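K.L.:
Enclosed is the structure file work_34.cif (mmCIF, C-alpha atoms).
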```cif
data_start
loop_
_atom_site.group_PDB
_atom_site.id
_atom_site.type_symbol
_atom_site.label_atom_id
_atom_site.label_comp_id
_atom_site.auth_asym_id
_atom_site.auth_seq_id
_atom_site.Cartn_x
_atom_site.Cartn_y
_atom_site.Cartn_z
ATOM 1 C CA MET A 9 -25.594 -11.942 4.261
ATOM 2 C CA GLN A 10 -27.224 -9.475 1.868
ATOM 3 C CA THR A 11 -24.823 -7.994 -0.648
ATOM 4 C CA LEU A 12 -24.545 -4.206 -0.720
ATOM 5 C CA ASP A 13 -24.544 -2.923 -4.277
ATOM 6 C CA PRO A 14 -22.065 -0.299 -5.462
ATOM 7 C CA GLY A 15 -23.384 3.168 -4.620
ATOM 8 C CA THR A 16 -25.150 2.031 -1.419
ATOM 9 C CA ARG A 17 -24.804 4.514 1.446
ATOM 10 C CA VAL A 18 -23.242 2.732 4.409
ATOM 11 C CA ARG A 19 -22.086 3.588 7.895
ATOM 12 C CA VAL A 20 -19.079 1.902 9.492
ATOM 13 C CA ARG A 21 -20.246 0.438 12.789
ATOM 14 C CA GLN A 22 -19.100 2.314 15.859
ATOM 15 C CA MET A 23 -17.596 -0.666 17.669
ATOM 16 C CA MET A 24 -14.358 -0.952 19.607
ATOM 17 C CA PRO A 25 -13.795 -4.721 19.945
ATOM 18 C CA LEU A 26 -10.542 -5.979 21.368
ATOM 19 C CA GLY A 27 -8.135 -8.011 19.289
ATOM 20 C CA HIS A 28 -7.029 -8.004 15.653
ATOM 21 C CA VAL A 29 -9.383 -5.887 13.538
ATOM 22 C CA ARG A 30 -8.787 -4.367 10.111
ATOM 23 C CA THR A 31 -11.247 -1.488 10.314
ATOM 24 C CA PRO A 32 -9.295 1.711 11.026
ATOM 25 C CA ALA A 33 -10.561 3.613 14.066
ATOM 26 C CA TYR A 34 -10.666 6.904 12.126
ATOM 27 C CA LEU A 35 -13.413 5.485 9.872
ATOM 28 C CA ARG A 36 -15.664 4.040 12.576
ATOM 29 C CA GLY A 37 -19.047 5.783 12.635
ATOM 30 C CA GLN A 38 -18.331 7.430 9.262
ATOM 31 C CA ILE A 39 -20.674 7.338 6.266
ATOM 32 C CA GLY A 40 -19.533 6.498 2.751
ATOM 33 C CA ARG A 41 -20.690 4.709 -0.367
ATOM 34 C CA VAL A 42 -19.816 1.244 -1.612
ATOM 35 C CA GLU A 43 -17.302 1.664 -4.456
ATOM 36 C CA ARG A 44 -17.054 -2.023 -5.410
ATOM 37 C CA VAL A 45 -17.698 -5.455 -3.971
ATOM 38 C CA LEU A 46 -14.755 -7.786 -3.334
ATOM 39 C CA GLY A 47 -14.263 -11.172 -1.854
ATOM 40 C CA PRO A 48 -15.389 -13.323 -0.292
ATOM 41 C CA PHE A 49 -12.472 -13.299 2.123
ATOM 42 C CA ALA A 50 -11.914 -15.113 5.411
ATOM 43 C CA ASN A 51 -12.641 -12.924 8.437
ATOM 44 C CA PRO A 52 -9.217 -11.755 9.700
ATOM 45 C CA GLU A 53 -10.607 -11.300 13.220
ATOM 46 C CA GLN A 54 -10.903 -15.096 13.457
ATOM 47 C CA LEU A 55 -8.037 -15.979 11.113
ATOM 48 C CA ALA A 56 -5.562 -14.071 13.299
ATOM 49 C CA TYR A 57 -6.234 -16.444 16.196
ATOM 50 C CA GLY A 58 -6.226 -19.684 14.214
ATOM 51 C CA GLN A 59 -10.001 -20.063 14.555
ATOM 52 C CA PRO A 60 -12.241 -21.336 11.741
ATOM 53 C CA ALA A 61 -12.855 -18.122 9.797
ATOM 54 C CA MET A 62 -16.185 -17.017 8.363
ATOM 55 C CA SER A 63 -16.196 -16.141 4.669
ATOM 56 C CA LEU A 64 -17.315 -12.531 4.228
ATOM 57 C CA PRO A 65 -17.903 -10.052 1.433
ATOM 58 C CA LEU A 66 -15.371 -7.249 1.504
ATOM 59 C CA TYR A 67 -16.357 -3.787 0.331
ATOM 60 C CA ARG A 68 -14.329 -0.903 -0.932
ATOM 61 C CA VAL A 69 -16.077 2.078 0.624
ATOM 62 C CA ARG A 70 -15.424 5.627 -0.557
ATOM 63 C CA PHE A 71 -15.550 8.422 2.016
ATOM 64 C CA ASP A 72 -15.347 12.161 1.480
ATOM 65 C CA LEU A 73 -12.204 13.469 3.133
ATOM 66 C CA ALA A 74 -14.180 16.540 4.229
ATOM 67 C CA ASP A 75 -16.712 14.356 6.093
ATOM 68 C CA ILE A 76 -13.982 12.655 8.081
ATOM 69 C CA TRP A 77 -11.905 15.765 8.766
ATOM 70 C CA PRO A 78 -14.260 18.754 9.057
ATOM 71 C CA ASP A 79 -11.366 21.227 8.821
ATOM 72 C CA SER A 80 -10.342 19.824 5.445
ATOM 73 C CA THR A 81 -10.354 22.436 2.696
ATOM 74 C CA ALA A 82 -10.110 19.988 -0.200
ATOM 75 C CA ALA A 83 -13.713 19.452 -1.271
ATOM 76 C CA GLY A 84 -13.973 16.428 -3.540
ATOM 77 C CA ASP A 85 -10.947 14.528 -2.207
ATOM 78 C CA THR A 86 -11.741 10.996 -1.075
ATOM 79 C CA ILE A 87 -10.490 8.077 0.999
ATOM 80 C CA ASP A 88 -11.235 4.527 -0.147
ATOM 81 C CA ALA A 89 -10.830 1.682 2.311
ATOM 82 C CA GLU A 90 -11.668 -2.014 2.402
ATOM 83 C CA ILE A 91 -14.255 -2.828 5.064
ATOM 84 C CA TYR A 92 -15.649 -6.305 5.841
ATOM 85 C CA ALA A 93 -19.409 -6.799 5.622
ATOM 86 C CA HIS A 94 -20.040 -7.231 9.354
ATOM 87 C CA TRP A 95 -18.658 -3.724 9.984
ATOM 88 C CA LEU A 96 -21.194 -2.021 7.702
ATOM 89 C CA GLU A 97 -24.803 -0.984 8.130
ATOM 90 C CA HIS A 98 -27.177 0.900 5.816
ATOM 91 C CA ALA A 99 -27.035 4.668 6.342
ATOM 92 C CA MET B 24 40.983 18.457 26.817
ATOM 93 C CA PRO B 25 42.217 16.363 23.933
ATOM 94 C CA HIS B 26 42.094 13.066 25.837
ATOM 95 C CA ASP B 27 38.399 13.608 26.628
ATOM 96 C CA HIS B 28 37.489 14.131 22.989
ATOM 97 C CA PRO B 29 39.986 12.172 20.951
ATOM 98 C CA LEU B 30 39.918 12.644 17.218
ATOM 99 C CA SER B 31 40.126 9.881 14.663
ATOM 100 C CA PRO B 32 43.182 9.750 12.368
ATOM 101 C CA SER B 33 41.106 11.637 9.793
ATOM 102 C CA GLY B 34 40.509 14.440 12.275
ATOM 103 C CA HIS B 35 36.860 13.768 13.140
ATOM 104 C CA PRO B 36 35.546 13.095 16.644
ATOM 105 C CA TYR B 37 34.800 9.454 17.403
ATOM 106 C CA ARG B 38 31.105 8.715 17.686
ATOM 107 C CA ALA B 39 29.717 6.344 20.278
ATOM 108 C CA ASP B 40 28.670 2.942 18.950
ATOM 109 C CA GLN B 41 24.884 2.692 18.774
ATOM 110 C CA ASP B 42 24.788 -0.689 20.490
ATOM 111 C CA THR B 43 21.492 -1.606 22.071
ATOM 112 C CA GLY B 44 20.057 -4.900 23.261
ATOM 113 C CA LEU B 45 17.707 -6.967 21.116
ATOM 114 C CA SER B 46 14.091 -5.915 21.150
ATOM 115 C CA TYR B 47 11.466 -8.417 22.276
ATOM 116 C CA TRP B 48 10.494 -9.150 18.664
ATOM 117 C CA GLN B 49 14.081 -9.537 17.463
ATOM 118 C CA ALA B 50 14.745 -12.053 20.237
ATOM 119 C CA LEU B 51 11.501 -13.870 19.403
ATOM 120 C CA GLU B 52 12.422 -14.081 15.700
ATOM 121 C CA ILE B 53 15.825 -15.577 16.516
ATOM 122 C CA ALA B 54 14.313 -18.054 18.969
ATOM 123 C CA VAL B 55 11.615 -19.257 16.538
ATOM 124 C CA ARG B 56 14.056 -19.441 13.616
ATOM 125 C CA GLU B 57 16.609 -21.448 15.610
ATOM 126 C CA LEU B 58 13.924 -23.801 16.919
ATOM 127 C CA MET B 59 12.609 -24.431 13.401
ATOM 128 C CA ILE B 60 16.115 -25.170 12.172
ATOM 129 C CA GLU B 61 16.804 -27.455 15.166
ATOM 130 C CA LYS B 62 13.581 -29.369 14.541
ATOM 131 C CA GLY B 63 14.451 -29.785 10.862
ATOM 132 C CA ILE B 64 11.439 -27.804 9.581
ATOM 133 C CA VAL B 65 13.636 -25.415 7.592
ATOM 134 C CA THR B 66 17.367 -25.119 7.038
ATOM 135 C CA ALA B 67 19.437 -21.994 7.587
ATOM 136 C CA SER B 68 20.232 -21.867 3.883
ATOM 137 C CA GLU B 69 16.523 -21.994 2.994
ATOM 138 C CA VAL B 70 15.876 -19.043 5.308
ATOM 139 C CA GLN B 71 18.776 -17.175 3.733
ATOM 140 C CA ALA B 72 17.579 -17.979 0.204
ATOM 141 C CA GLN B 73 14.115 -16.619 1.034
ATOM 142 C CA VAL B 74 15.600 -13.427 2.489
ATOM 143 C CA GLU B 75 17.668 -13.009 -0.683
ATOM 144 C CA ALA B 76 14.622 -13.601 -2.889
ATOM 145 C CA MET B 77 12.683 -10.925 -1.016
ATOM 146 C CA ASP B 78 15.593 -8.483 -1.175
ATOM 147 C CA ALA B 79 16.020 -9.109 -4.891
ATOM 148 C CA ARG B 80 12.558 -7.843 -5.813
ATOM 149 C CA THR B 81 12.526 -4.511 -7.610
ATOM 150 C CA PRO B 82 9.870 -2.195 -9.091
ATOM 151 C CA ALA B 83 10.659 -3.641 -12.554
ATOM 152 C CA GLN B 84 7.482 -5.729 -12.831
ATOM 153 C CA GLY B 85 5.327 -2.787 -11.788
ATOM 154 C CA ALA B 86 7.010 -0.590 -14.386
ATOM 155 C CA ALA B 87 6.470 -3.213 -17.091
ATOM 156 C CA LEU B 88 2.794 -3.418 -16.134
ATOM 157 C CA VAL B 89 2.368 0.365 -16.434
ATOM 158 C CA ALA B 90 4.225 0.521 -19.766
ATOM 159 C CA ARG B 91 1.949 -2.205 -21.165
ATOM 160 C CA ALA B 92 -1.126 -0.299 -19.960
ATOM 161 C CA TRP B 93 0.159 2.861 -21.658
ATOM 162 C CA THR B 94 0.692 1.129 -25.000
ATOM 163 C CA ASP B 95 -2.228 -1.313 -25.093
ATOM 164 C CA PRO B 96 -5.656 0.213 -24.312
ATOM 165 C CA ALA B 97 -7.361 -3.196 -24.137
ATOM 166 C CA PHE B 98 -4.774 -4.366 -21.589
ATOM 167 C CA ARG B 99 -5.302 -1.147 -19.625
ATOM 168 C CA ASP B 100 -9.026 -1.922 -19.437
ATOM 169 C CA ARG B 101 -8.338 -5.480 -18.257
ATOM 170 C CA LEU B 102 -5.825 -4.193 -15.675
ATOM 171 C CA LEU B 103 -8.350 -1.745 -14.239
ATOM 172 C CA ALA B 104 -11.052 -4.421 -14.182
ATOM 173 C CA ASP B 105 -8.916 -7.146 -12.553
ATOM 174 C CA GLY B 106 -5.361 -6.271 -11.534
ATOM 175 C CA SER B 107 -4.464 -9.789 -10.428
ATOM 176 C CA ALA B 108 -5.545 -11.358 -13.740
ATOM 177 C CA ALA B 109 -3.587 -8.721 -15.690
ATOM 178 C CA CYS B 110 -0.414 -9.587 -13.712
ATOM 179 C CA THR B 111 -0.887 -13.266 -14.517
ATOM 180 C CA GLU B 112 -1.378 -12.315 -18.167
ATOM 181 C CA MET B 113 2.022 -10.563 -18.013
ATOM 182 C CA GLY B 114 3.516 -13.857 -16.820
ATOM 183 C CA PHE B 115 4.186 -12.611 -13.277
ATOM 184 C CA ASP B 116 3.984 -15.084 -10.415
ATOM 185 C CA ILE B 117 2.082 -13.013 -7.879
ATOM 186 C CA GLY B 118 1.275 -15.812 -5.438
ATOM 187 C CA PRO B 119 -1.784 -15.023 -3.318
ATOM 188 C CA MET B 120 -1.592 -11.251 -3.990
ATOM 189 C CA ARG B 121 -4.880 -9.623 -5.035
ATOM 190 C CA LEU B 122 -4.274 -6.401 -6.924
ATOM 191 C CA ILE B 123 -6.297 -3.291 -7.707
ATOM 192 C CA ALA B 124 -4.842 -0.838 -10.212
ATOM 193 C CA VAL B 125 -5.989 2.783 -10.046
ATOM 194 C CA GLU B 126 -5.314 5.234 -12.830
ATOM 195 C CA ASN B 127 -4.217 8.849 -12.704
ATOM 196 C CA THR B 128 -5.928 11.085 -15.227
ATOM 197 C CA ALA B 129 -6.002 14.788 -16.052
ATOM 198 C CA THR B 130 -8.462 15.296 -13.181
ATOM 199 C CA VAL B 131 -7.734 12.510 -10.655
ATOM 200 C CA HIS B 132 -4.586 11.695 -8.677
ATOM 201 C CA ASN B 133 -4.349 8.485 -6.643
ATOM 202 C CA VAL B 134 -2.068 7.779 -3.677
ATOM 203 C CA VAL B 135 -1.708 4.573 -1.661
ATOM 204 C CA VAL B 136 -1.153 4.161 2.070
ATOM 205 C CA CYS B 137 -1.674 1.436 4.658
ATOM 206 C CA THR B 138 -2.680 3.154 7.885
ATOM 207 C CA LEU B 139 -2.905 -0.090 9.882
ATOM 208 C CA CYS B 140 0.511 -1.534 9.007
ATOM 209 C CA SER B 141 2.483 -1.454 5.769
ATOM 210 C CA CYS B 142 0.598 -3.498 3.133
ATOM 211 C CA TYR B 143 2.384 -3.048 -0.174
ATOM 212 C CA PRO B 144 2.486 -4.936 -3.518
ATOM 213 C CA ARG B 145 6.000 -6.306 -2.947
ATOM 214 C CA ASN B 146 5.837 -8.619 -5.945
ATOM 215 C CA LEU B 147 5.452 -5.640 -8.245
ATOM 216 C CA LEU B 148 7.371 -2.910 -6.418
ATOM 217 C CA GLY B 149 9.986 -4.678 -4.282
ATOM 218 C CA LEU B 150 10.461 -3.889 -0.614
ATOM 219 C CA PRO B 151 8.594 -0.803 0.608
ATOM 220 C CA PRO B 152 10.662 2.293 1.379
ATOM 221 C CA ASP B 153 11.132 3.084 5.071
ATOM 222 C CA TRP B 154 8.969 6.206 4.843
ATOM 223 C CA TYR B 155 6.020 4.127 3.602
ATOM 224 C CA LYS B 156 6.118 2.243 6.910
ATOM 225 C CA SER B 157 6.588 5.353 9.039
ATOM 226 C CA ARG B 158 3.850 6.486 11.387
ATOM 227 C CA ALA B 159 4.035 9.990 9.913
ATOM 228 C CA TYR B 160 3.292 8.863 6.328
ATOM 229 C CA ARG B 161 0.584 6.450 7.450
ATOM 230 C CA ALA B 162 -1.196 8.963 9.685
ATOM 231 C CA ARG B 163 -0.796 12.072 7.568
ATOM 232 C CA THR B 164 -1.651 10.672 4.117
ATOM 233 C CA VAL B 165 -5.274 10.138 5.139
ATOM 234 C CA ARG B 166 -5.364 13.365 7.172
ATOM 235 C CA GLU B 167 -3.723 15.887 4.835
ATOM 236 C CA PRO B 168 -2.783 14.125 1.586
ATOM 237 C CA ARG B 169 -2.087 17.309 -0.351
ATOM 238 C CA ARG B 170 0.453 18.509 2.184
ATOM 239 C CA VAL B 171 2.157 15.118 2.200
ATOM 240 C CA LEU B 172 2.314 15.101 -1.604
ATOM 241 C CA ALA B 173 3.687 18.654 -1.609
ATOM 242 C CA GLU B 174 6.527 17.476 0.645
ATOM 243 C CA PHE B 175 7.326 14.871 -2.036
ATOM 244 C CA GLY B 176 7.495 17.758 -4.514
ATOM 245 C CA LEU B 177 4.083 17.113 -5.998
ATOM 246 C CA ASN B 178 1.895 20.223 -5.871
ATOM 247 C CA LEU B 179 -1.504 19.358 -7.274
ATOM 248 C CA PRO B 180 -3.917 21.989 -8.559
ATOM 249 C CA GLN B 181 -7.026 22.500 -6.433
ATOM 250 C CA ASP B 182 -9.268 21.156 -9.234
ATOM 251 C CA THR B 183 -7.466 17.797 -9.282
ATOM 252 C CA THR B 184 -9.340 15.251 -7.155
ATOM 253 C CA VAL B 185 -7.074 13.373 -4.755
ATOM 254 C CA ARG B 186 -8.108 9.793 -4.070
ATOM 255 C CA VAL B 187 -6.369 8.209 -1.096
ATOM 256 C CA HIS B 188 -6.473 4.406 -1.000
ATOM 257 C CA ASP B 189 -6.094 2.964 2.479
ATOM 258 C CA SER B 190 -4.931 -0.613 1.973
ATOM 259 C CA THR B 191 -6.774 -1.952 5.022
ATOM 260 C CA ALA B 192 -7.475 -5.579 4.134
ATOM 261 C CA ASP B 193 -6.909 -8.152 1.389
ATOM 262 C CA MET B 194 -6.159 -6.012 -1.659
ATOM 263 C CA ARG B 195 -2.890 -4.432 -2.724
ATOM 264 C CA TYR B 196 -2.727 -1.285 -4.867
ATOM 265 C CA VAL B 197 -0.673 0.051 -7.731
ATOM 266 C CA VAL B 198 -1.101 3.495 -9.273
ATOM 267 C CA ILE B 199 -0.944 3.777 -13.054
ATOM 268 C CA PRO B 200 0.649 7.203 -13.470
ATOM 269 C CA ALA B 201 -0.264 9.456 -16.367
ATOM 270 C CA ARG B 202 1.853 8.854 -19.464
ATOM 271 C CA PRO B 203 4.304 11.740 -19.852
ATOM 272 C CA ALA B 204 4.032 14.024 -22.859
ATOM 273 C CA GLY B 205 6.469 13.559 -25.710
ATOM 274 C CA THR B 206 6.651 9.772 -25.418
ATOM 275 C CA ASP B 207 4.701 8.777 -28.525
ATOM 276 C CA ALA B 208 7.775 7.365 -30.242
ATOM 277 C CA LEU B 209 8.971 5.284 -27.267
ATOM 278 C CA ASP B 210 8.573 1.520 -27.127
ATOM 279 C CA GLU B 211 7.410 -0.409 -24.057
ATOM 280 C CA ALA B 212 10.903 -0.951 -22.636
ATOM 281 C CA ALA B 213 11.814 2.733 -22.987
ATOM 282 C CA LEU B 214 8.512 3.726 -21.379
ATOM 283 C CA ALA B 215 9.049 1.350 -18.454
ATOM 284 C CA ALA B 216 12.316 3.180 -17.683
ATOM 285 C CA LEU B 217 10.243 6.311 -16.950
ATOM 286 C CA VAL B 218 8.083 4.565 -14.351
ATOM 287 C CA THR B 219 9.460 5.000 -10.836
ATOM 288 C CA ARG B 220 8.513 3.220 -7.638
ATOM 289 C CA ASP B 221 7.247 6.487 -6.157
ATOM 290 C CA CYS B 222 4.900 7.231 -9.049
ATOM 291 C CA MET B 223 3.360 3.757 -8.634
ATOM 292 C CA ILE B 224 2.726 4.515 -4.925
ATOM 293 C CA GLY B 225 1.291 7.850 -6.027
ATOM 294 C CA VAL B 226 3.721 10.244 -4.361
ATOM 295 C CA GLY B 227 5.305 11.212 -7.684
ATOM 296 C CA VAL B 228 4.732 11.335 -11.407
ATOM 297 C CA ALA B 229 6.456 9.403 -14.195
ATOM 298 C CA LYS B 230 9.780 10.817 -15.380
ATOM 299 C CA ALA B 231 9.932 12.979 -18.492
ATOM 300 C CA PRO B 232 11.757 11.334 -21.419
#
```
Can you dump the structure from the file as structure tokens?
P.N.:
Amino acid sequence: MQTLDPGTRVRVRQMMPLGHVRTPAYLRGQIGRVERVLGPFANPEQLAYGQPAMSLPLYRVRFDLADIWPDSTAAGDTIDAEIYAHWLEHA
Amino acid sequence: MPHDHPLSPSGHPYRADQDTGLSYWQALEIAVRELMIEKGIVTASEVQAQVEAMDARTPAQGAALVARAWTDPAFRDRLLADGSAACTEMGFDIGPMRLIAVENTATVHNVVVCTLCSCYPRNLLGLPPDWYKSRAYRARTVREPRRVLAEFGLNLPQDTTVRVHDSTADMRYVVIPARPAGTDALDEAALAALVTRDCMIGVGVAKAP
């Protein structure tokens, strides 16, 4: 899997899979930038069910609060979250 | 009707006991624990010792970490670059915890939340407060962080950038609060006494000396 460098513009995939996922619903479909690269970590979506877990890069992605909540008045405030590689696409 | 509403000997009305049945998860915990003890996998005293060890954790290690960062700029740099390695350098046994430290400055304020559950650096800060696990804190901190912080008594100027850290996966977070003014003469131990649990979550600031 190609590593996304810090600063890369990414979109969180708009998926709603069943089961244990660690991508918050409020960030799905949102665009942010990679803040730093972490990992690799075992995929929790497999780990949670005792399955052999794929090793994945984990990214800290920084979102503008105002992009996520259009009524936000605090320009410049941000939300950082950790998102696994398979949830991200170039934006 | 006095016999309908009897008063206690101290003159207060009796309150109904708040007895309820076990929840599904409470019953499951008891069943699994008793099975593991019956099968000889763990003993009751081992379970109790582990509960005591978890209860005994305090924010002391987190405070020591912050005080070191305040007094040793090279350590501060290492802490920001690799929080886990800096904890090991302090001699803390952090187990599998992976830590990111984020620093408050004159222009940036950081606050930590786990919207999905209640991820928290227990090794450094002890057990999380109940409000940290509440749905209101978890939902509102990413939705309206400034209002949440104001309710904690922290009113940030509009030109301070608020960075919310949603602890969604494998990392845990600690906030390095700004060093209070008038603390130049204090040593590391005295500085650590100013570092509260709340300021390391990011809902407060360090105490004034």
K.L.:
Which residue out of B:Arg169, B:Asp42, B:Val134, B:Tyr196 has the minimum interatomic distance to Ser107 in chain B when only C-alpha atoms are used?
P.N.:
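Nearest candidate to Ser107 in chain B out of B:Arg169, B:Asp42, B:Val134, B:Tyr196: B:Tyr196.
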K.L.:
Do you know which residues the PyMOL selection byres ((chain A) within 8 of (chain B)) returns on this file, as a list in words?
P.N.:
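Taken on the displayed file, the PyMOL selection byres ((chain A) within 8 of (chain B)) yields the residues Arg30, Thr31, Pro32, Phe49, Leu73, Trp77, Ser80, Ala82, Gly84, Asp85, Thr86, Ile87, Asp88, Ala89, Glu90 and Ile91 of chain A.
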K.L.:
How many Å separate CA of Ala56 in chain A from CA of Lys156 in chain B?
P.N.:
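CA of Lys156 in chain B lies 21.1 Å from CA of Ala56 in chain A.
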K.L.:
Find the residues near range 64-67 of chain A: any atom within 8 Å, counting all atoms listed in the file, skip ones fewer than 6 places away on the same chain, and give them as an MDAnalysis selection string.
P.N.:
chainID A and resid 11 42:51 90:94
K.L.:
For CA of Thr111 in chain B and CA of Ala87 in chain B, determine how far apart the two atoms are, in Å to one decimal place.
P.N.:
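Straight-line distance from CA of Thr111 in chain B to CA of Ala87 in chain B works out to 12.7 Å.
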K.L.:
Return the single residue from A:Arg41, A:Gly58, A:Ala99, A:Leu12 that is closest to His28 in chain A, with distances computed using all atoms listed in the file.
P.N.:
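Among the listed residues, the smallest separation from His28 in chain A belongs to A:Gly58.
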K.L.:
Which residues are near Gln22 in chain A? Cut-off 12 Å, all atoms listed in the file, ignore same chain within fewer than 5 positions. Put them as a short mmCIF file (atom, residue, chain, number, x, y, z; two decimals) with C-alpha atoms, in the coordinates of the input.
P.N.:
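Printed below is part39.cif as written:
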```
data_model
loop_
_atom_site.label_atom_id
_atom_site.label_comp_id
_atom_site.auth_asym_id
_atom_site.auth_seq_id
_atom_site.Cartn_x
_atom_site.Cartn_y
_atom_site.Cartn_z
CA THR A 31 -11.25 -1.49 10.31
CA PRO A 32 -9.30 1.71 11.03
CA ALA A 33 -10.56 3.61 14.07
CA TYR A 34 -10.67 6.90 12.13
CA LEU A 35 -13.41 5.48 9.87
CA ARG A 36 -15.66 4.04 12.58
CA GLY A 37 -19.05 5.78 12.64
CA GLN A 38 -18.33 7.43 9.26
CA ILE A 39 -20.67 7.34 6.27
CA HIS A 94 -20.04 -7.23 9.35
CA TRP A 95 -18.66 -3.72 9.98
CA LEU A 96 -21.19 -2.02 7.70
CA GLU A 97 -24.80 -0.98 8.13
#
```
